[in-house]
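K.L.:
As input, take target-v2.csv (CSV, C-alpha atoms):
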chain,number,residue,atom,x,y,z
A,167,SER,CA,-76.9,36.3,58.4
A,168,ILE,CA,-79.1,33.4,57.3
A,169,LEU,CA,-77.7,31.3,60.1
A,170,ALA,CA,-78.2,34.0,62.6
A,171,ALA,CA,-81.8,34.5,61.5
A,172,ASP,CA,-82.5,30.8,61.8
A,173,LEU,CA,-81.0,30.7,65.3
A,174,ALA,CA,-83.0,33.7,66.4
A,175,ARG,CA,-86.2,31.9,65.3
A,176,GLN,CA,-85.0,28.7,66.9
A,177,ASP,CA,-85.3,27.1,63.4
A,178,PHE,CA,-81.6,26.2,63.0
A,179,SER,CA,-81.0,23.2,60.6
A,180,LEU,CA,-77.6,22.0,59.6
A,181,LEU,CA,-79.2,19.9,56.9
A,182,ARG,CA,-80.9,22.9,55.3
A,183,PHE,CA,-77.7,25.0,55.6
A,184,TYR,CA,-75.5,22.4,53.9
A,185,ASP,CA,-78.2,21.8,51.2
A,186,ARG,CA,-77.9,25.4,50.3
A,187,ARG,CA,-74.1,25.2,50.3
A,188,VAL,CA,-74.1,22.0,48.1
A,189,ARG,CA,-76.4,23.5,45.6
A,190,ARG,CA,-74.5,26.8,45.6
A,191,ILE,CA,-71.1,25.2,45.1
A,192,VAL,CA,-71.0,21.7,43.8
A,193,PRO,CA,-72.9,21.6,40.5
A,194,ALA,CA,-71.0,24.4,38.8
A,195,TYR,CA,-67.7,23.0,40.2
A,196,ALA,CA,-68.5,19.5,39.0
A,197,VAL,CA,-69.2,20.7,35.4
A,198,MET,CA,-65.9,22.6,35.4
A,199,ALA,CA,-64.0,19.7,36.8
A,200,VAL,CA,-65.4,17.2,34.3
A,201,ILE,CA,-64.8,19.4,31.2
A,202,THR,CA,-61.3,20.3,32.4
A,203,MET,CA,-60.5,16.6,33.0
A,204,LEU,CA,-61.6,15.7,29.5
A,205,ALA,CA,-59.6,18.6,28.0
A,206,ALA,CA,-56.5,17.4,30.0
A,207,LEU,CA,-56.9,13.8,28.8
A,208,VAL,CA,-56.9,15.0,25.2
A,209,LEU,CA,-54.4,17.8,25.3
A,210,LEU,CA,-51.8,17.1,27.9
A,211,PRO,CA,-49.0,14.6,28.2
A,212,PRO,CA,-49.4,11.6,30.6
A,213,ASP,CA,-47.3,13.0,33.5
A,214,MET,CA,-49.4,16.2,33.6
A,215,VAL,CA,-52.6,14.2,33.5
A,216,THR,CA,-51.4,12.2,36.4
A,217,ARG,CA,-50.5,15.4,38.3
A,218,PHE,CA,-53.9,16.8,37.4
A,219,GLY,CA,-55.6,13.6,38.7
A,220,GLY,CA,-54.1,14.0,42.1
A,221,ALA,CA,-55.2,17.7,42.3
A,222,LEU,CA,-58.7,16.8,41.1
A,223,SER,CA,-59.0,14.1,43.8
A,224,ALA,CA,-58.1,16.6,46.5
A,225,ALA,CA,-60.2,19.4,45.1
A,226,SER,CA,-63.3,17.3,44.9
A,227,VAL,CA,-63.3,16.7,48.6
A,228,PHE,CA,-62.4,20.4,49.4
A,229,GLN,CA,-58.8,19.6,50.3
A,230,ALA,CA,-57.1,21.4,47.4
A,231,ASN,CA,-55.3,23.8,49.7
A,232,TRP,CA,-53.5,21.1,51.6
A,233,HIS,CA,-52.7,19.3,48.3
A,234,PHE,CA,-51.2,22.4,46.8
A,235,LEU,CA,-49.3,23.3,50.0
A,236,ALA,CA,-47.4,20.1,49.5
A,237,THR,CA,-47.0,20.4,45.7
A,238,ALA,CA,-47.2,23.9,44.3
A,239,ASN,CA,-46.1,27.5,44.8
A,240,TYR,CA,-49.0,29.7,43.7
A,241,PHE,CA,-46.7,32.5,42.4
A,242,ALA,CA,-43.8,30.4,41.1
A,243,PRO,CA,-43.0,30.0,37.4
A,244,GLY,CA,-44.9,27.0,36.1
A,245,ALA,CA,-47.9,27.4,38.4
A,246,GLU,CA,-50.1,27.5,35.4
A,247,GLU,CA,-49.4,23.8,34.9
A,248,HIS,CA,-51.8,23.1,37.7
A,249,LEU,CA,-55.1,23.4,35.9
A,250,ILE,CA,-57.2,23.8,39.1
A,251,LEU,CA,-54.8,25.5,41.4
A,252,HIS,CA,-57.4,28.2,42.1
A,253,THR,CA,-59.6,25.7,43.9
A,254,TRP,CA,-57.4,26.1,47.0
A,255,SER,CA,-59.6,29.1,48.1
A,256,LEU,CA,-62.8,27.1,47.6
A,257,ALA,CA,-61.4,24.5,49.9
A,258,VAL,CA,-60.6,27.0,52.6
A,259,GLU,CA,-64.1,28.5,52.3
A,260,GLU,CA,-65.8,25.1,52.7
A,261,GLN,CA,-63.6,24.1,55.6
A,262,PHE,CA,-64.6,27.2,57.3
A,263,TYR,CA,-68.3,26.4,56.7
A,264,LEU,CA,-67.8,23.0,58.3
A,265,VAL,CA,-66.9,24.6,61.6
A,266,TRP,CA,-68.6,28.0,61.6
A,267,PRO,CA,-72.3,26.9,61.8
A,268,LEU,CA,-71.5,24.7,64.8
A,269,ALA,CA,-69.6,27.5,66.5
A,270,LEU,CA,-72.5,29.9,66.0
A,271,LEU,CA,-74.9,27.2,67.4
A,272,VAL,CA,-72.7,26.9,70.5
A,273,LEU,CA,-72.4,30.7,70.9
A,274,ALA,CA,-76.2,31.1,70.6
A,275,HIS,CA,-76.7,29.3,73.9
A,276,PRO,CA,-78.3,31.8,76.4
A,277,ARG,CA,-75.3,31.6,78.7
A,278,LEU,CA,-72.8,32.3,75.9
A,279,LYS,CA,-74.7,34.7,73.6
A,280,ARG,CA,-73.6,37.7,75.6
A,281,VAL,CA,-69.9,36.9,74.9
A,282,ARG,CA,-70.4,36.0,71.3
A,283,PRO,CA,-69.1,39.4,70.0
A,284,VAL,CA,-66.0,39.1,72.2
A,285,ALA,CA,-65.3,35.5,71.1
A,286,ILE,CA,-65.6,36.4,67.4
A,287,PHE,CA,-63.3,39.4,67.7
A,288,VAL,CA,-60.7,37.5,69.7
A,289,LEU,CA,-60.8,34.6,67.2
A,290,LEU,CA,-60.4,37.2,64.4
A,291,ALA,CA,-57.5,38.9,66.1
A,292,VAL,CA,-55.7,35.6,66.9
A,293,SER,CA,-56.1,34.4,63.3
A,294,LEU,CA,-54.7,37.7,62.0
A,295,VAL,CA,-51.7,37.6,64.3
A,296,VAL,CA,-51.0,34.0,63.2
A,297,ALA,CA,-51.4,34.9,59.6
A,298,SER,CA,-49.1,37.9,59.8
A,299,ARG,CA,-46.3,35.9,61.6
A,300,THR,CA,-46.7,32.9,59.3
A,301,ALA,CA,-46.6,35.0,56.2
A,302,VAL,CA,-43.1,36.2,57.2
A,303,LEU,CA,-41.7,32.9,58.4
A,304,TRP,CA,-43.6,30.3,56.2
A,305,PRO,CA,-45.3,32.1,53.3
A,306,GLU,CA,-46.7,29.0,51.6
A,307,ARG,CA,-48.4,27.9,54.9
A,308,ALA,CA,-49.9,31.3,55.4
A,309,PHE,CA,-51.2,31.3,51.8
A,310,TYR,CA,-52.8,27.8,51.8
A,311,ARG,CA,-53.7,26.9,55.4
A,312,SER,CA,-57.1,27.5,56.7
A,313,PHE,CA,-56.6,29.1,60.1
A,314,PRO,CA,-54.5,32.0,58.8
A,315,ARG,CA,-57.4,32.8,56.4
A,316,VAL,CA,-60.2,32.6,59.1
A,317,TRP,CA,-59.9,36.3,60.0
A,318,GLU,CA,-60.7,37.3,56.4
A,319,LEU,CA,-63.9,35.3,56.5
A,320,LEU,CA,-64.8,36.6,59.9
A,321,MET,CA,-64.7,40.1,58.6
A,322,GLY,CA,-67.9,39.3,56.8
A,323,ALA,CA,-69.3,37.5,59.9
A,324,VAL,CA,-68.8,40.7,61.9
A,325,LEU,CA,-71.0,42.6,59.4
A,326,ALA,CA,-73.6,39.8,59.0
A,327,LEU,CA,-74.1,39.6,62.8
A,328,GLY,CA,-74.4,43.3,63.3
A,329,LEU,CA,-71.3,43.6,65.5
A,330,LEU,CA,-70.4,47.1,64.1
A,331,PRO,CA,-72.4,50.2,65.1
A,332,ARG,CA,-75.0,51.5,62.7
A,333,LEU,CA,-73.9,54.5,60.7
A,334,SER,CA,-76.1,57.5,61.5
A,335,SER,CA,-74.4,60.0,59.1
A,336,GLN,CA,-74.6,60.0,55.3
A,337,ARG,CA,-71.4,61.9,55.2
A,338,MET,CA,-69.6,59.2,57.2
A,339,ALA,CA,-71.0,56.5,55.0
A,340,GLU,CA,-69.8,58.4,51.9
A,341,GLY,CA,-66.4,58.7,53.4
A,342,LEU,CA,-66.2,55.0,54.4
A,343,ALA,CA,-67.4,53.9,51.0
A,344,ALA,CA,-64.8,56.0,49.2
A,345,LEU,CA,-62.0,54.8,51.5
A,346,GLY,CA,-63.1,51.2,51.0
A,347,LEU,CA,-62.9,51.4,47.3
A,348,ALA,CA,-59.5,53.2,47.5
A,349,LEU,CA,-58.1,50.4,49.8
A,350,ILE,CA,-59.2,47.7,47.3
A,351,LEU,CA,-57.8,49.6,44.3
A,352,GLY,CA,-54.6,50.4,46.2
A,353,ALA,CA,-54.0,46.7,46.9
A,354,ALA,CA,-54.9,45.8,43.3
A,355,PHE,CA,-52.5,48.3,41.7
A,356,PHE,CA,-49.6,48.5,44.2
A,357,TYR,CA,-49.2,45.0,45.6
A,358,ASP,CA,-46.8,42.7,43.8
A,359,THR,CA,-45.4,39.2,44.2
A,360,HIS,CA,-41.8,40.4,44.8
A,361,THR,CA,-42.2,43.0,47.6
A,362,THR,CA,-45.6,42.4,49.2
A,363,ILE,CA,-45.8,39.9,52.1
A,364,PHE,CA,-49.2,38.4,51.5
A,365,PRO,CA,-51.5,37.3,53.0
A,366,GLY,CA,-51.2,38.4,56.6
A,367,ALA,CA,-51.5,42.1,57.5
A,368,ALA,CA,-51.3,43.1,53.9
A,369,ALA,CA,-54.6,41.5,53.3
A,370,LEU,CA,-56.2,44.1,55.6
A,371,LEU,CA,-56.4,46.5,52.7
A,372,PRO,CA,-58.6,44.5,50.3
A,373,THR,CA,-60.7,42.8,53.0
A,374,GLY,CA,-61.0,46.0,55.1
A,375,GLY,CA,-62.0,47.9,52.0
A,376,ALA,CA,-64.7,45.3,51.3
A,377,LEU,CA,-65.9,45.6,54.9
A,378,LEU,CA,-66.1,49.4,54.6
A,379,LEU,CA,-68.0,49.3,51.3
A,380,ILE,CA,-70.6,46.9,52.6
A,381,TRP,CA,-70.9,48.7,56.0
A,382,ALA,CA,-71.5,52.0,54.2
A,383,GLY,CA,-74.4,50.4,52.3
A,384,GLU,CA,-76.2,48.8,55.2
A,385,ASP,CA,-79.9,49.5,55.8
A,386,GLY,CA,-80.4,50.3,52.1
A,387,ARG,CA,-78.2,53.4,52.3
A,388,ILE,CA,-77.1,54.7,48.8
A,389,THR,CA,-73.7,56.3,48.5
A,390,ARG,CA,-72.0,57.7,45.4
A,391,VAL,CA,-69.6,54.7,45.4
A,392,GLY,CA,-72.6,52.4,45.8
A,393,GLN,CA,-74.3,54.0,42.8
A,394,PHE,CA,-71.1,53.5,40.7
A,395,LEU,CA,-70.9,49.8,41.8
A,396,SER,CA,-74.6,49.4,40.9
A,397,TRP,CA,-73.9,49.9,37.2
A,398,PRO,CA,-75.3,46.9,35.3
A,399,VAL,CA,-71.8,45.9,34.1
A,400,TRP,CA,-70.5,45.5,37.7
A,401,VAL,CA,-73.7,43.8,38.8
A,402,GLY,CA,-73.5,41.4,35.9
A,403,ILE,CA,-69.9,40.5,36.8
A,404,GLY,CA,-71.1,40.0,40.4
A,405,LEU,CA,-73.9,37.6,39.3
A,406,ILE,CA,-71.5,35.3,37.4
A,407,SER,CA,-68.5,35.8,39.7
A,408,TYR,CA,-68.5,32.3,41.2
A,409,SER,CA,-68.7,30.6,37.8
A,410,LEU,CA,-66.2,33.1,36.3
A,411,TYR,CA,-63.9,32.2,39.2
A,412,LEU,CA,-64.2,28.5,38.4
A,413,TRP,CA,-63.5,28.9,34.7
A,414,HIS,CA,-60.9,31.6,34.4
A,415,TRP,CA,-57.9,29.6,35.6
A,416,PRO,CA,-58.4,26.4,33.5
A,417,ILE,CA,-59.0,28.4,30.3
A,418,PHE,CA,-55.8,30.4,30.8
A,419,ALA,CA,-53.8,27.4,31.9
A,420,LEU,CA,-54.8,25.2,29.1
A,421,ALA,CA,-54.1,27.9,26.6
A,422,LYS,CA,-50.6,28.5,27.9
A,423,LEU,CA,-49.8,24.8,28.1
A,424,THR,CA,-51.0,24.1,24.5
A,425,VAL,CA,-51.3,26.9,21.9
A,426,LEU,CA,-50.5,30.2,23.6
A,427,PRO,CA,-47.4,29.9,25.9
A,428,SER,CA,-46.9,33.7,25.7
A,429,PRO,CA,-50.2,35.3,24.8
A,430,GLY,CA,-50.1,38.8,23.4
A,431,PRO,CA,-52.7,41.6,24.0
A,432,VAL,CA,-55.2,40.3,21.4
A,433,ALA,CA,-54.9,36.7,22.7
A,434,LEU,CA,-55.4,37.9,26.3
A,435,VAL,CA,-58.6,39.7,25.3
A,436,GLY,CA,-59.8,36.5,23.6
A,437,LEU,CA,-59.0,34.4,26.7
A,438,ILE,CA,-60.8,36.9,29.0
A,439,ALA,CA,-63.8,36.8,26.7
A,440,ALA,CA,-63.7,33.0,26.7
A,441,ALA,CA,-63.6,33.0,30.5
A,442,PHE,CA,-66.6,35.4,30.7
A,443,GLY,CA,-68.5,33.3,28.2
A,444,ALA,CA,-67.9,30.1,30.0
A,445,GLY,CA,-68.8,31.8,33.3
A,446,TRP,CA,-72.1,33.1,31.9
A,447,LEU,CA,-73.0,29.7,30.5
A,448,SER,CA,-72.2,28.1,33.8
A,449,TRP,CA,-74.2,30.6,35.7
A,450,ARG,CA,-77.2,30.5,33.4
A,451,TYR,CA,-77.5,26.8,32.8
A,452,VAL,CA,-75.9,25.2,35.9
A,453,GLU,CA,-75.4,27.5,38.9
A,454,GLY,CA,-78.7,29.4,38.7
A,455,PRO,CA,-81.1,26.4,38.2
A,456,PHE,CA,-79.6,24.4,41.0
A,457,ARG,CA,-79.8,27.4,43.4
A,458,ARG,CA,-83.4,28.1,42.6
A,459,TYR,CA,-84.8,24.6,42.9
A,460,GLY,CA,-84.5,22.2,45.8
A,461,PRO,CA,-85.8,21.6,49.3
A,462,ALA,CA,-84.1,24.6,50.8
A,463,SER,CA,-85.3,28.2,50.7
A,464,PRO,CA,-84.8,29.9,47.3
A,465,SER,CA,-83.0,32.7,49.0
A,466,ALA,CA,-79.9,30.6,49.0
A,467,GLU,CA,-76.5,32.1,49.8
I need this file expressed as structure tokens, please.
P.N.:
Amino acid sequence: SILAADLARQDFSLLRFYDRRVRRIVPAYAVMAVITMLAALVLLPPDMVTRFGGALSAASVFQANWHFLATANYFAPGAEEHLILHTWSLAVEEQFYLVWPLALLVLAHPRLKRVRPVAIFVLLAVSLVVASRTAVLWPERAFYRSFPRVWELLMGAVLALGLLPRLSSQRMAEGLAALGLALILGAAFFYDTHTTIFPGAAALLPTGGALLLIWAGEDGRITRVGQFLSWPVWVGIGLISYSLYLWHWPIFALAKLTVLPSPGPVALVGLIAAAFGAGWLSWRYVEGPFRRYGPASPSAE
């Protein structure tokens, strides 16, 4: 939406866009990477440190998805030995953002602007078909490669660019919001690593649910589900979600590799609390300050 607004004002700047992305992503990632590296040097045997070094090199240039495609199965036993395995998704996102601004710039040309919605929906559909086929034939490729994930990111683009009709009925918005939440919870509780072919078509539930939730709340509309999701506890988790994402995996992985190979309920609660604590500290003292100050607009993504 920020890019679309800039293009509409003829004020498009790749430099400003990537400044926002860098300040949004890199400082918090860098702190997590350095602290995890120091912990690995102290706590892990040399062969694991070497393996971590290779992963860190790839993750630091947003190539972690390709590195782990060649070296790791996300759902296999022993995956926790890869301390920054979760950065595959950050790599996919940033690879998308290398191409997407340029694609929008091209599609903003007066001769192409009329076909922009068609082009985006076609790309979304092709990516979904490729993802669904690849998830059956080559699950690891579907999970880690960028193009099978593009359609999931384009779901947000469809909303941001206003390619869906405005909802005129509060009742319809209430129904879509409830359905969206139900789809997300259904995927969370009923998908499993043994029987669910994921990603691909199965990812339609959580991503489609997110789309419906956001769509129902457009134009400041308040739904009952929206009121529930506006509770301070959920808003707080949302605020620190990126930093929490960065920290949860290294904390759990290091614990399992060192002192808690099979954590019980009490230990799990402690690890979750540690992840939230580290996430809050990162958001408060690293992520937030870097997003607020800099040459770009303070309304960073």
K.L.:
Quote the spacing between atom CA of Phe394 of chain A and atom CA of Gly346 of chain A in Å to one decimal place.
P.N.:
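Computed distance, atom CA of Phe394 of chain A to atom CA of Gly346 of chain A, equals 13.2 Å.
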K.L.:
I need the residue nearest Arg186 of chain A from this list: A:Tyr263, A:Phe234, A:Phe218, A:Trp304. Use all atoms listed in the file for the distance.
P.N.:
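Counting all atoms listed in the file, the residue closest to Arg186 of chain A is A:Tyr263.
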K.L.:
Could you check which of A:Leu181, A:Leu249, A:Gly454, A:Ala343 is closest to Ala205 of chain A, using only C-alpha atoms?
P.N.:
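Of all the options, A:Leu249 lies closest to Ala205 of chain A.
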K.L.:
From the options A:Arg277, A:Arg190, A:Arg337, A:Lys422, which residue's atoms come nearest to His248 of chain A, counting only C-alpha atoms?
P.N.:
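Among the listed residues, the smallest separation from His248 of chain A belongs to A:Lys422.
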K.L.:
Return as CSV the residues of segment 242-347 of chain A lying at most 10 Å from segment 355-376 of chain A, together with the closest atom-to-atom pair for each and the distance in Å to one decimal, counting all atoms listed in the file, with rows in chain order and ascending residue number.
P.N.:
residue,atom,partner,partner_atom,distance
A:Ala242,CA,A:Thr359,CA,9.5
A:Ser293,CA,A:Gly366,CA,9.2
A:Leu294,CA,A:Gly366,CA,6.5
A:Val295,CA,A:Gly366,CA,7.8
A:Val296,CA,A:Gly366,CA,7.9
A:Ala297,CA,A:Gly366,CA,4.6
A:Ser298,CA,A:Gly366,CA,3.9
A:Arg299,CA,A:Gly366,CA,7.4
A:Thr300,CA,A:Gly366,CA,7.6
A:Ala301,CA,A:Gly366,CA,5.7
A:Val302,CA,A:Ile363,CA,6.9
A:Pro305,CA,A:Phe364,CA,7.6
A:Glu306,CA,A:Pro365,CA,9.7
A:Ala308,CA,A:Pro365,CA,6.7
A:Phe309,CA,A:Pro365,CA,6.1
A:Tyr310,CA,A:Pro365,CA,9.7
A:Pro314,CA,A:Gly366,CA,7.5
A:Arg315,CA,A:Pro365,CA,8.2
A:Trp317,CA,A:Gly366,CA,9.6
A:Glu318,CA,A:Thr373,CA,6.5
A:Leu319,CA,A:Thr373,CA,8.9
A:Met321,CA,A:Thr373,CA,7.4
A:Gly322,CA,A:Ala376,CA,8.7
A:Leu342,CA,A:Gly375,CA,8.6
A:Ala343,CA,A:Gly375,CA,8.1
A:Ala344,CA,A:Gly375,CA,9.0
A:Leu345,CA,A:Gly375,CA,6.9
A:Gly346,CA,A:Gly375,CA,3.6
A:Leu347,CA,A:Gly375,CA,5.9
K.L.:
Could you check the closest approach to Tyr411 of chain A for each of A:Gly341, A:Pro429, A:Gly436, A:Gly443 and tell me which residue wins, using all atoms listed in the file?
P.N.:
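For Tyr411 of chain A, the nearest of the candidates is A:Gly443.
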K.L.:
Write out as a VMD selection string each polymer residue whose atoms come within 9 Å of Phe183 of chain A, counting all atoms listed in the file; drop sequence neighbours fewer than 3 positions from it.
P.N.:
chain A and resid 168 to 169 178 to 180 186 to 188 267 462 466
K.L.:
Would you output that residue set with C-alpha atoms, as a JSON list (two decimals), in the coordinates of the input?
P.N.:
[["chain", "number", "residue", "atom", "x", "y", "z"],
["A", 168, "ILE", "CA", -79.10, 33.40, 57.30],
["A", 169, "LEU", "CA", -77.70, 31.30, 60.10],
["A", 178, "PHE", "CA", -81.60, 26.20, 63.00],
["A", 179, "SER", "CA", -81.00, 23.20, 60.60],
["A", 180, "LEU", "CA", -77.60, 22.00, 59.60],
["A", 186, "ARG", "CA", -77.90, 25.40, 50.30],
["A", 187, "ARG", "CA", -74.10, 25.20, 50.30],
["A", 188, "VAL", "CA", -74.10, 22.00, 48.10],
["A", 267, "PRO", "CA", -72.30, 26.90, 61.80],
["A", 462, "ALA", "CA", -84.10, 24.60, 50.80],
["A", 466, "ALA", "CA", -79.90, 30.60, 49.00]]
K.L.:
Rounded to one decimal, what separation in Å do you get between atom CA of Leu303 of chain A and atom CA of Leu351 of chain A?
P.N.:
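Pair atom CA of Leu303 of chain A / atom CA of Leu351 of chain A returns 27.1 Å.
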K.L.:
So how many Å separate atom CA of Arg282 of chain A and atom CA of Tyr184 of chain A, to one decimal?
P.N.:
22.7 Å
K.L.:
In the coordinate frame of the file, compute which residues have an atom within 12 Å of (-57.3, 17.6, 47.8) when using all atoms listed in the file, and state them as a PyMOL selection string.
P.N.:
chain A and resi 217-237+250-251+253-258+261+310
K.L.:
What lies within 9 Å of Arg332 of chain A using all atoms listed in the file, ignoring chain neighbours under 3 positions off, as a list of chain:residue names?
P.N.:
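My reading of the contact set: A:Gly328, A:Trp381, A:Glu384, A:Asp385.
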K.L.:
Could those selected residues go to a file with C-alpha atoms, as a PDB file, in the coordinates of the input?
P.N.:
ATOM      1  CA  GLY A 328     -74.400  43.300  63.300  1.00  0.00           C
ATOM      2  CA  TRP A 381     -70.900  48.700  56.000  1.00  0.00           C
ATOM      3  CA  GLU A 384     -76.200  48.800  55.200  1.00  0.00           C
ATOM      4  CA  ASP A 385     -79.900  49.500  55.800  1.00  0.00           C
TER       5      ASP A 385
END
K.L.:
Which is closer to His275 of chain A than all the others in A:Val200, A:Ile350, A:Ile403, A:Ala174, using all atoms listed in the file?
P.N.:
A:Ala174
